[in-house]
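Printed here is work-v3.txt (compact mmCIF, C-alpha atoms):
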# COMPACT_ATOMS: atom_id res chain seq x y z
CA MET Q 1 -23.38 27.28 -8.00
CA SER Q 2 -23.35 28.75 -4.48
CA GLU Q 3 -21.42 27.21 -1.61
CA VAL Q 4 -24.67 26.28 0.17
CA GLN Q 5 -25.94 24.48 -2.95
CA LEU Q 6 -22.64 22.68 -3.38
CA ILE Q 7 -22.72 21.49 0.22
CA GLN Q 8 -26.33 20.35 -0.16
CA ARG Q 9 -25.52 18.39 -3.31
CA ALA Q 10 -22.36 16.95 -1.81
CA CYS Q 11 -24.48 15.73 1.13
CA GLU Q 12 -26.65 13.93 -1.40
CA GLY Q 13 -23.60 12.19 -2.85
CA ASP Q 14 -23.16 14.30 -5.95
CA ALA Q 15 -19.58 13.62 -7.05
CA ARG Q 16 -19.38 16.84 -9.04
CA ALA Q 17 -20.31 18.89 -5.99
CA VAL Q 18 -17.70 17.10 -3.89
CA ARG Q 19 -15.14 17.80 -6.56
CA ALA Q 20 -16.12 21.45 -6.72
CA LEU Q 21 -15.74 21.76 -2.95
CA TYR Q 22 -12.40 19.97 -3.20
CA GLU Q 23 -11.13 22.28 -5.91
CA ARG Q 24 -12.21 25.32 -3.97
CA PHE Q 25 -10.83 24.36 -0.56
CA SER Q 26 -8.13 21.73 -1.10
CA PRO Q 27 -5.19 24.18 -1.27
CA ARG Q 28 -6.11 25.53 2.15
CA VAL Q 29 -6.65 22.06 3.61
CA TYR Q 30 -3.51 20.67 2.02
CA ALA Q 31 -1.37 23.57 3.24
CA VAL Q 32 -2.28 23.12 6.88
CA VAL Q 33 -2.03 19.33 6.90
CA ARG Q 34 1.26 19.43 4.95
CA ARG Q 35 2.77 21.76 7.52
CA ILE Q 36 1.51 19.70 10.42
CA ALA Q 37 2.73 16.49 8.76
CA GLY Q 38 6.15 17.91 7.94
CA ASP Q 39 6.39 15.40 5.09
CA ASP Q 40 4.88 15.11 1.60
CA GLU Q 41 3.81 11.48 1.73
CA LEU Q 42 2.24 11.78 5.16
CA ALA Q 43 0.52 14.96 4.04
CA ARG Q 44 -1.27 13.16 1.21
CA ASP Q 45 -2.61 10.59 3.66
CA TYR Q 46 -3.58 13.25 6.19
CA ALA Q 47 -5.31 15.34 3.56
CA GLN Q 48 -7.30 12.39 2.27
CA GLU Q 49 -8.31 11.41 5.78
CA ALA Q 50 -9.37 14.98 6.50
CA TRP Q 51 -11.58 15.07 3.41
CA ILE Q 52 -13.12 11.69 4.17
CA ARG Q 53 -14.00 12.90 7.65
CA ALA Q 54 -15.36 16.16 6.33
CA ILE Q 55 -17.58 14.49 3.72
CA ARG Q 56 -18.81 12.01 6.30
CA ALA Q 57 -19.61 14.86 8.67
CA LEU Q 58 -21.12 17.08 5.99
CA PRO Q 59 -24.72 16.37 7.05
CA THR Q 60 -23.87 17.77 10.50
CA PHE Q 61 -22.71 21.09 9.05
CA ARG Q 62 -25.37 23.57 10.13
CA GLY Q 63 -23.90 26.73 8.73
CA ASP Q 64 -23.25 28.30 12.14
CA ALA Q 65 -19.65 28.89 11.12
CA ARG Q 66 -18.25 29.50 7.66
CA PHE Q 67 -17.75 26.27 5.77
CA SER Q 68 -14.04 27.04 5.28
CA THR Q 69 -13.61 27.46 9.05
CA TRP Q 70 -15.51 24.27 9.78
CA LEU Q 71 -13.50 22.33 7.21
CA HIS Q 72 -10.23 23.81 8.40
CA ARG Q 73 -10.93 22.72 11.95
CA ILE Q 74 -11.69 19.18 10.80
CA ALA Q 75 -8.46 19.14 8.79
CA VAL Q 76 -6.41 20.37 11.74
CA ASN Q 77 -7.97 17.90 14.19
CA SER Q 78 -7.62 15.04 11.74
CA ALA Q 79 -3.97 15.87 10.96
CA LEU Q 80 -3.08 16.30 14.62
CA GLN Q 81 -4.62 12.96 15.47
CA ALA Q 82 -2.80 11.27 12.60
CA ALA Q 83 0.45 12.97 13.63
CA ARG Q 84 0.09 11.61 17.15
CA LYS Q 85 -0.34 8.11 15.78
CA ALA Q 86 2.63 8.56 13.44
CA GLU Q 87 4.76 9.84 16.31
CA THR Q 88 3.91 6.79 18.36
CA ARG Q 89 4.94 4.54 15.48
CA ARG Q 90 8.13 6.53 14.88
CA LYS Q 91 9.30 5.89 18.44
CA TYR Q 92 9.71 2.23 17.53
CA GLU Q 93 11.49 2.89 14.27
CA ALA Q 94 15.02 3.93 13.40
CA PRO Q 95 15.44 7.69 13.09
CA ALA Q 96 15.50 9.14 9.59
CA LEU Q 97 18.89 10.46 8.60
CA GLU Q 98 18.01 12.32 5.44
CA GLU Q 99 17.98 16.08 5.30
CA ALA Q 100 15.71 18.19 3.19
CA ALA Q 101 17.44 19.08 -0.05
CA LEU Q 102 16.53 22.51 -1.26
CA PRO Q 103 16.34 22.94 -5.01
CA PRO Q 104 17.66 26.24 -6.31
CA ALA Q 105 15.22 29.09 -6.01
CA SER Q 106 15.40 32.81 -5.59
CA GLY Q 107 13.94 35.79 -3.79
CA ASP Q 108 10.64 35.48 -2.04
CA ALA Q 109 10.04 31.88 -3.16
CA LEU Q 110 13.39 30.84 -1.74
CA LEU Q 111 12.64 32.54 1.54
CA LYS Q 112 9.25 30.84 1.79
CA ARG Q 113 10.79 27.54 0.86
CA ARG Q 114 13.36 28.02 3.59
CA LEU Q 115 10.58 28.75 6.03
CA GLU Q 116 8.72 25.60 4.99
CA ALA Q 117 11.91 23.54 5.28
CA ALA Q 118 12.64 25.02 8.69
CA LEU Q 119 9.09 24.22 9.81
CA ASP Q 120 9.64 20.61 8.79
CA GLN Q 121 12.71 20.44 11.00
CA LEU Q 122 11.02 21.70 14.16
CA PRO Q 123 10.16 19.15 16.84
CA GLN Q 124 6.54 18.11 16.40
CA GLY Q 125 5.11 19.84 19.47
CA MET Q 126 6.75 23.16 18.65
CA ARG Q 127 5.81 22.86 14.99
CA GLN Q 128 2.16 22.30 15.71
CA VAL Q 129 1.90 25.28 18.04
CA LEU Q 130 3.86 27.57 15.71
CA ILE Q 131 1.77 26.57 12.68
CA LEU Q 132 -1.51 26.97 14.50
CA HIS Q 133 -0.56 30.33 16.03
CA ASP Q 134 1.75 32.12 13.62
CA VAL Q 135 0.58 30.59 10.33
CA GLU Q 136 -3.08 29.80 10.94
CA GLY Q 137 -3.86 32.55 13.43
CA TYR Q 138 -5.27 30.38 16.22
CA THR Q 139 -5.42 31.86 19.72
CA HIS Q 140 -3.73 30.09 22.62
CA ASN Q 141 -7.19 29.11 23.87
CA ASP Q 142 -7.95 27.48 20.51
CA ILE Q 143 -4.60 25.73 20.52
CA GLY Q 144 -5.15 24.50 24.07
CA GLU Q 145 -8.47 23.06 22.93
CA VAL Q 146 -7.23 21.22 19.85
CA LEU Q 147 -3.94 20.03 21.32
CA GLY Q 148 -5.25 19.30 24.80
CA VAL Q 149 -2.66 21.52 26.52
CA THR Q 150 -2.88 24.52 28.81
CA VAL Q 151 -2.65 28.08 27.54
CA GLY Q 152 0.65 28.41 29.40
CA THR Q 153 2.09 25.38 27.65
CA SER Q 154 0.95 26.69 24.31
CA LYS Q 155 2.66 30.03 24.93
CA SER Q 156 5.84 28.44 26.19
CA GLN Q 157 6.02 26.14 23.15
CA LEU Q 158 5.36 29.05 20.81
CA PHE Q 159 8.18 31.19 22.21
CA LYS Q 160 10.60 28.27 22.03
CA ALA Q 161 9.44 27.41 18.52
CA ARG Q 162 10.06 30.95 17.26
CA ALA Q 163 13.57 30.88 18.67
CA LYS Q 164 14.21 27.41 17.27
CA MET Q 165 12.97 28.50 13.84
CA ARG Q 166 15.38 31.40 13.90
CA GLU Q 167 18.21 29.03 14.78
CA ILE Q 168 17.26 26.57 12.01
CA LEU Q 169 16.96 29.35 9.44
CA ARG Q 170 20.46 30.47 10.26
CA GLY Q 171 21.65 26.93 9.64
CA ILE Q 172 19.76 26.61 6.35
CA GLY Q 173 21.54 29.46 4.68
CA GLU Q 174 20.92 32.82 6.21
CA ALA Q 175 24.11 34.53 7.35
CA PRO Q 176 23.99 35.50 11.01
CA ARG Q 177 22.96 39.13 11.33
CA VAL Q 178 24.62 39.56 14.68
CA GLU Q 179 28.33 38.95 14.42
CA LYS Q 180 29.61 40.51 17.58
CA GLY Q 181 29.60 38.74 20.90
CA GLU Q 182 28.50 35.30 21.92
CA ARG Q 183 24.88 34.42 22.36
CA ALA Q 184 23.75 31.70 24.69
CA TRP Q 185 21.51 30.15 22.01
CA ASN Q 186 24.19 30.06 19.32
CA THR Q 187 26.09 27.34 21.08
CA MET V 188 26.16 41.82 29.17
CA GLU V 189 23.56 39.14 29.70
CA HIS V 190 21.33 38.93 26.62
CA LEU V 191 17.62 38.27 26.63
CA SER V 192 16.87 34.58 26.33
CA PRO V 193 15.58 33.20 23.01
CA GLU V 194 12.24 32.40 24.65
CA THR V 195 11.95 35.96 25.93
CA LEU V 196 12.59 37.30 22.47
CA GLY V 197 10.03 34.83 21.14
CA ARG V 198 7.53 36.22 23.61
CA LEU V 199 8.31 39.84 22.73
CA VAL V 200 7.35 39.23 19.10
CA GLY V 201 3.71 39.58 20.04
CA ASP V 202 3.50 40.40 23.74
CA PRO V 203 4.25 43.79 25.29
CA PRO V 204 7.71 44.07 26.88
CA THR V 205 8.23 44.50 30.59
CA THR V 206 10.14 47.52 31.89
CA GLU V 207 13.26 45.35 32.23
CA ASP V 208 12.89 44.08 28.67
CA LEU V 209 12.56 47.63 27.37
CA GLN V 210 15.60 48.80 29.27
CA HIS V 211 17.64 45.96 27.86
CA LEU V 212 16.43 46.43 24.30
CA ASP V 213 17.23 50.14 24.46
CA GLY V 214 20.82 49.40 25.35
CA CYS V 215 21.45 46.19 23.36
CA GLU V 216 21.57 46.45 19.58
CA GLU V 217 22.03 42.71 19.18
CA CYS V 218 18.87 41.80 21.05
CA ALA V 219 16.94 44.57 19.28
CA ALA V 220 18.15 43.26 15.91
CA GLU V 221 17.36 39.70 16.87
CA LEU V 222 13.86 40.69 17.94
CA GLU V 223 13.36 42.48 14.63
CA MET V 224 14.41 39.33 12.76
CA LEU V 225 11.98 37.26 14.79
CA ARG V 226 9.19 39.69 13.99
CA GLN V 227 9.99 39.48 10.28
CA GLN V 228 10.04 35.71 10.51
CA THR V 229 6.61 35.71 12.18
CA THR V 230 5.20 38.08 9.57
CA LEU V 231 6.48 35.82 6.78
CA LEU V 232 5.01 32.74 8.45
CA GLY V 233 1.64 34.45 8.55
CA GLY V 234 1.86 35.06 4.82
CA LEU V 235 2.81 31.56 3.71
CA PRO V 236 0.66 30.60 0.74
CA ASP V 237 -1.77 27.72 0.39
CA MET V 238 -0.48 24.64 -1.38
CA ARG V 239 -1.89 22.81 -4.33
CA PRO V 240 -2.33 19.13 -3.46
CA PRO V 241 -0.48 16.66 -5.69
CA GLN V 242 -2.15 15.65 -8.95
CA GLY V 243 -4.31 12.58 -8.74
CA ASP V 244 -5.17 12.99 -5.09
CA PHE V 245 -8.81 13.72 -5.82
CA GLU V 246 -9.17 10.52 -7.83
CA SER V 247 -7.98 8.36 -4.94
CA LEU V 248 -10.18 10.34 -2.55
CA GLU V 249 -13.16 9.90 -4.85
CA ALA V 250 -12.51 6.16 -5.03
CA ARG V 251 -12.57 5.95 -1.24
CA LEU V 252 -15.68 8.08 -1.00
CA ALA V 253 -17.38 5.88 -3.57
CA ALA V 254 -16.29 2.73 -1.73
CA GLU V 255 -17.91 4.10 1.41
CA GLY V 256 -21.04 5.02 -0.50
CA LEU V 257 -20.54 8.72 0.21
CA VAL V 258 -20.65 9.75 -3.45
CA ARG V 259 -22.22 8.41 -6.60
CA VAL V 260 -19.73 8.18 -9.41
CA GLY V 261 -22.04 6.66 -12.00
CA PRO V 262 -24.27 8.69 -14.33
CA ARG V 263 -27.26 10.32 -12.70
CA PRO V 264 -30.64 10.13 -14.41
CA GLY V 265 -31.03 13.05 -16.77
CA SER V 266 -27.47 14.14 -16.23
CA PRO V 267 -25.34 14.04 -19.38
CA ASP V 268 -22.02 14.39 -17.63
CA VAL V 269 -21.30 13.34 -14.13
CA ILE V 270 -17.69 13.56 -13.09
CA ALA V 271 -15.43 16.21 -14.43
CA ALA V 272 -12.34 14.31 -13.37
CA PRO V 273 -9.07 14.83 -15.23
CA ARG V 274 -8.83 11.10 -15.95
CA TRP V 275 -12.26 11.27 -17.55
CA ARG V 276 -11.27 14.28 -19.59
CA THR V 277 -8.05 12.60 -20.60
CA ARG V 278 -9.95 9.58 -21.88
CA VAL V 279 -12.37 11.78 -23.78
CA ALA V 280 -9.47 13.73 -25.19
CA ALA V 281 -7.76 10.51 -26.24
CA VAL V 282 -10.92 9.34 -27.99
CA ALA V 283 -11.34 12.76 -29.60
CA ILE V 284 -7.78 12.73 -30.86
CA PHE V 285 -8.19 9.21 -32.12
CA LEU V 286 -11.38 10.01 -33.98
CA GLY V 287 -10.24 13.45 -35.04
CA GLY V 288 -6.91 12.14 -36.23
CA ALA V 289 -8.45 9.36 -38.24
CA LEU V 290 -11.04 11.71 -39.69
CA SER V 291 -8.48 14.35 -40.60
CA GLY V 292 -6.16 11.80 -42.08
CA ALA V 293 -8.91 10.29 -44.13
CA THR V 294 -10.16 13.71 -45.26
CA VAL V 295 -6.77 15.05 -46.23
CA VAL V 296 -5.93 11.92 -48.10
CA GLY V 297 -9.11 12.42 -50.09
CA ASN V 298 -9.56 8.72 -50.50
CA SER V 299 -13.25 7.90 -50.61
CA SER V 300 -12.68 4.41 -49.33
CA ALA V 301 -10.96 5.84 -46.30
CA THR V 302 -13.90 8.06 -45.40
CA THR V 303 -16.56 5.48 -45.89
CA GLU V 304 -14.73 2.38 -44.79
CA GLY V 305 -12.20 3.80 -42.42
CA PRO V 306 -11.38 1.73 -39.39
CA VAL V 307 -13.12 4.05 -36.95
CA ALA V 308 -16.34 4.10 -38.91
CA GLN V 309 -16.57 0.36 -39.02
CA GLN V 310 -18.98 -1.32 -36.70
CA ALA V 311 -17.19 -3.53 -34.19
CA THR V 312 -18.11 -7.12 -34.94
CA ALA V 313 -15.92 -9.10 -32.59
CA ASN V 314 -17.74 -11.28 -30.12
CA ASN V 315 -14.79 -12.33 -28.01
CA ALA V 316 -11.75 -10.68 -26.43
CA ALA V 317 -9.25 -11.99 -28.99
CA GLY V 318 -11.35 -10.73 -31.87
CA ALA V 319 -11.83 -7.37 -30.23
CA ARG V 320 -8.10 -7.09 -29.61
CA ALA V 321 -7.42 -7.83 -33.29
CA GLU V 322 -9.93 -5.16 -34.33
CA VAL V 323 -8.28 -2.65 -32.07
CA ALA V 324 -4.88 -3.53 -33.53
CA ARG V 325 -6.21 -3.15 -37.09
CA ALA V 326 -7.83 0.16 -36.26
CA GLU V 327 -4.66 1.36 -34.60
CA ARG V 328 -2.52 0.46 -37.62
CA ALA V 329 -4.94 2.17 -39.98
CA TYR V 330 -5.04 5.20 -37.74
CA MET V 331 -1.26 5.44 -37.60
CA GLU V 332 -1.00 5.18 -41.37
CA ALA V 333 -3.65 7.86 -41.82
CA LEU V 334 -1.94 10.04 -39.22
CA VAL V 335 1.44 9.78 -40.93
CA GLN V 336 -0.11 10.71 -44.25
CA TYR V 337 -2.03 13.54 -42.66
CA ARG V 338 1.13 14.94 -41.10
CA GLN V 339 2.96 14.83 -44.40
CA LEU V 340 0.18 16.64 -46.22
CA ALA V 341 -0.76 19.03 -43.43
CA THR V 342 2.77 20.39 -43.07
CA GLU V 343 3.10 21.31 -46.73
CA PRO V 344 3.39 25.09 -47.14
CA GLY V 345 0.11 26.80 -47.93
CA THR V 346 -2.16 24.27 -46.32
CA GLU V 347 -4.48 25.36 -43.54
CA GLU V 348 -2.88 23.01 -41.06
CA SER V 349 0.69 24.02 -41.82
CA ALA V 350 0.91 25.69 -38.41
CA GLY V 351 1.15 22.22 -36.93
CA ASP V 352 -0.58 18.97 -36.30
CA PRO V 353 -3.08 19.52 -33.47
CA ALA V 354 -2.78 15.95 -32.26
CA ALA V 355 0.98 16.22 -32.03
CA ARG V 356 0.61 19.62 -30.41
CA TYR V 357 -1.79 18.20 -27.84
CA ALA V 358 0.67 15.42 -27.02
CA ALA V 359 3.54 17.90 -26.75
CA LEU V 360 1.47 20.09 -24.44
CA GLU V 361 0.63 17.05 -22.34
CA TYR V 362 4.34 16.51 -21.90
CA LEU V 363 4.79 20.15 -20.92
CA VAL V 364 1.89 19.99 -18.45
CA ARG V 365 3.35 16.93 -16.76
CA ALA V 366 6.76 18.54 -16.50
CA GLY V 367 5.09 21.68 -15.15
CA GLN V 368 3.26 19.68 -12.51
CA VAL V 369 6.51 18.16 -11.32
CA ALA V 370 8.13 21.59 -11.26
CA VAL V 371 5.25 23.15 -9.31
CA ARG V 372 5.42 20.32 -6.81
CA GLN V 373 9.07 21.24 -6.28
CA ALA V 374 8.36 24.95 -5.90
CA PRO V 375 4.66 25.45 -5.14
CA ALA V 376 4.93 29.18 -4.61
CA ASP V 377 6.91 29.99 -7.72
CA PRO V 378 4.75 32.35 -9.79
CA PHE V 379 6.64 31.67 -13.04
CA LEU V 380 6.23 27.90 -12.79
CA ASN V 381 2.59 28.26 -11.77
CA GLY V 382 2.01 30.61 -14.68
CA LEU V 383 3.76 28.28 -17.08
CA LEU V 384 1.72 25.32 -15.89
CA ALA V 385 -1.55 27.27 -16.09
CA SER V 386 -0.71 28.49 -19.60
CA ALA V 387 0.18 24.99 -20.77
CA GLN V 388 -3.02 23.56 -19.32
CA ALA V 389 -5.13 26.32 -20.86
CA GLU V 390 -3.50 25.88 -24.25
CA GLN V 391 -3.89 22.12 -24.06
CA GLN V 392 -7.60 22.51 -23.30
CA ALA V 393 -7.95 24.97 -26.18
CA VAL V 394 -6.29 22.50 -28.56
CA TYR V 395 -8.55 19.78 -27.25
CA ARG V 396 -11.61 21.96 -27.83
CA ARG V 397 -10.47 22.68 -31.38
CA ILE V 398 -9.85 19.02 -32.08
CA SER V 399 -13.15 17.85 -30.64
CA GLY V 400 -15.00 20.84 -32.16
CA ALA V 401 -13.67 20.03 -35.62
CA ALA V 402 -14.61 16.42 -35.19
CA ARG V 403 -18.11 17.37 -33.97
CA GLN V 404 -18.68 19.63 -36.98
CA ASP V 405 -18.07 16.67 -39.19
CA GLY V 406 -20.46 14.57 -37.19
CA TRP V 407 -17.77 12.37 -35.72
CA PHE V 408 -17.88 13.31 -32.07

For this file, produce the structure as structure tokens.
Amino acid sequence: MSEVQLIQRACEGDARAVRALYERFSPRVYAVVRRIAGDDELARDYAQEAWIRAIRALPTFRGDARFSTWLHRIAVNSALQAARKAETRRKYEAPALEEAALPPASGDALLKRRLEAALDQLPQGMRQVLILHDVEGYTHNDIGEVLGVTVGTSKSQLFKARAKMREILRGIGEAPRVEKGERAWNT
Amino acid sequence: MEHLSPETLGRLVGDPPTTEDLQHLDGCEECAAELEMLRQQTTLLGGLPDMRPPQGDFESLEARLAAEGLVRVGPRPGSPDVIAAPRWRTRVAAVAIFLGGALSGATVVGNSSATTEGPVAQQATANNAAGARAEVARAERAYMEALVQYRQLATEPGTEESAGDPAARYAALEYLVRAGQVAVRQAPADPFLNGLLASAQAEQQAVYRRISGAARQDGWF
């Protein structure tokens, strides 16, 4: 069944069509909301909320953009909004002390896992900009639009986030490549 | 020598360097190396894979969608099957195994009373919950006895089923699939674990098809 037919049937409440859309697009949706959430449990809630919103809004999908792009934008907006609420709640709660434990892995998978773990440790603002720009390929204009910040702020956050990621990755397990001299950001 | 700031290096990953930046990078191996590491990091970030959502998430989503009236989860007119949800398949598989197991056990035993008056073939007569529960318990006991006998006979050398009991194999594969799902949740990008899980799921479905196909051929399912 084509994507257009699936969307049409999902609009009519066909559970099989909704499931087919879910199976096709959920890895993409889950990946972006998981990275924005920085936490597995939150990610499940964010992902479900994103899908609920998308299915509710399905009748408004006109096909001007690709469905995957449309859905991705809903997922990002939904996750960002949920993250803002969660951040507000967190301010009134005790800080979490646990650190991400990394199960043994090797090679490329280990590197990617380290990257994911480092992303989770970034401050929320930096993480969101870095994910949207470097992982999802958003422009600074797009980021400004979805986060409600200026292009300058987006750029500034991105540059800091890249440096912070590098610092976290060193701490997670990568041996420092530069051994000579003192660097301002190593202290 | 004053090094480039981390933010400057972060900017140089994608933006063109100024003349001052270039002059510094030409003369500072550390900053050049650090910039190269940042570029590699950015390239890797851009290639991070999608992630499979945890098992069972669709079922809870579907329940919410149904509660809001956004999807119909009941049978549609003229539609033989409606929801291809894993829970639905699991229930069907369980029924198929139950029926298939009882049928196979009864057939292998070769006892005519078992085939004609077996517990599964009997019409349910209970008209209250306690009676129905007792019928289920009787059927379960009879099924287990038939299954034990079937396993004993099926594993004898030279029999067609000596390669293994499909019901037991299905259950073992179910265990493997669950373990695989946990493992993949731990390491979503691991190709070996993903391959193992996919193979186990495919084999489990194949076993299920064989079980239900055999039962269908005999008019049981």

Problem set entry | 7 Å contacts from chain Q to chain V using all atoms listed in the file, as a list in words |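 Listing them in order of chain and number gives Gly13, Asp14, Ala15, Arg16, Ser26, Pro27, Arg28, Tyr30, Ala31, Gln48, Ile52, Ala109, Lys112, Asp134, Val135, Phe159, Lys160, Arg162, Ala163, Arg166, Val178 and Trp185 of chain Q.
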
Resulting file, chosen residues, C-alpha atoms, as a CSV table (one decimal), in the coordinates of the input:
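For reference, selection06.csv as written:
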chain,number,residue,atom,x,y,z
Q,13,GLY,CA,-23.6,12.2,-2.8
Q,14,ASP,CA,-23.2,14.3,-6.0
Q,15,ALA,CA,-19.6,13.6,-7.0
Q,16,ARG,CA,-19.4,16.8,-9.0
Q,26,SER,CA,-8.1,21.7,-1.1
Q,27,PRO,CA,-5.2,24.2,-1.3
Q,28,ARG,CA,-6.1,25.5,2.2
Q,30,TYR,CA,-3.5,20.7,2.0
Q,31,ALA,CA,-1.4,23.6,3.2
Q,48,GLN,CA,-7.3,12.4,2.3
Q,52,ILE,CA,-13.1,11.7,4.2
Q,109,ALA,CA,10.0,31.9,-3.2
Q,112,LYS,CA,9.2,30.8,1.8
Q,134,ASP,CA,1.8,32.1,13.6
Q,135,VAL,CA,0.6,30.6,10.3
Q,159,PHE,CA,8.2,31.2,22.2
Q,160,LYS,CA,10.6,28.3,22.0
Q,162,ARG,CA,10.1,31.0,17.3
Q,163,ALA,CA,13.6,30.9,18.7
Q,166,ARG,CA,15.4,31.4,13.9
Q,178,VAL,CA,24.6,39.6,14.7
Q,185,TRP,CA,21.5,30.2,22.0

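For the pair CA of Val29 (chain Q) and CA of Leu71 (chain Q), the interatomic distance is 7.7 Å.
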
For this session: Skip region 115-121 of chain Q itself and residues of its chain fewer than 6 positions away, then list as a PyMOL selection string all residues within 10 Å of it, counting only C-alpha atoms.
Result: (chain Q and resi 34-39+99-102+109+127-128+130-131+161+164-172) or (chain V and resi 228+231-232+235)

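For the pair CA of Cys11 (chain Q) and CA of Trp70 (chain Q), the interatomic distance is 15.1 Å.
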
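In this model, the gap between CA of Ser386 (chain V) and CA of Val364 (chain V) comes to 9.0 Å.
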
For this session: Considering all atoms listed in the file, return as a PyMOL selection string whatever protein or nucleic-acid residues lie within 9 Å of region 79-88 of chain Q, sequence-local ones (same chain, fewer than 4 positions apart) excluded.
Result: chain Q and resi 32-34+36-37+42-43+45-47+49-50+74-75+92+124+128+146-147
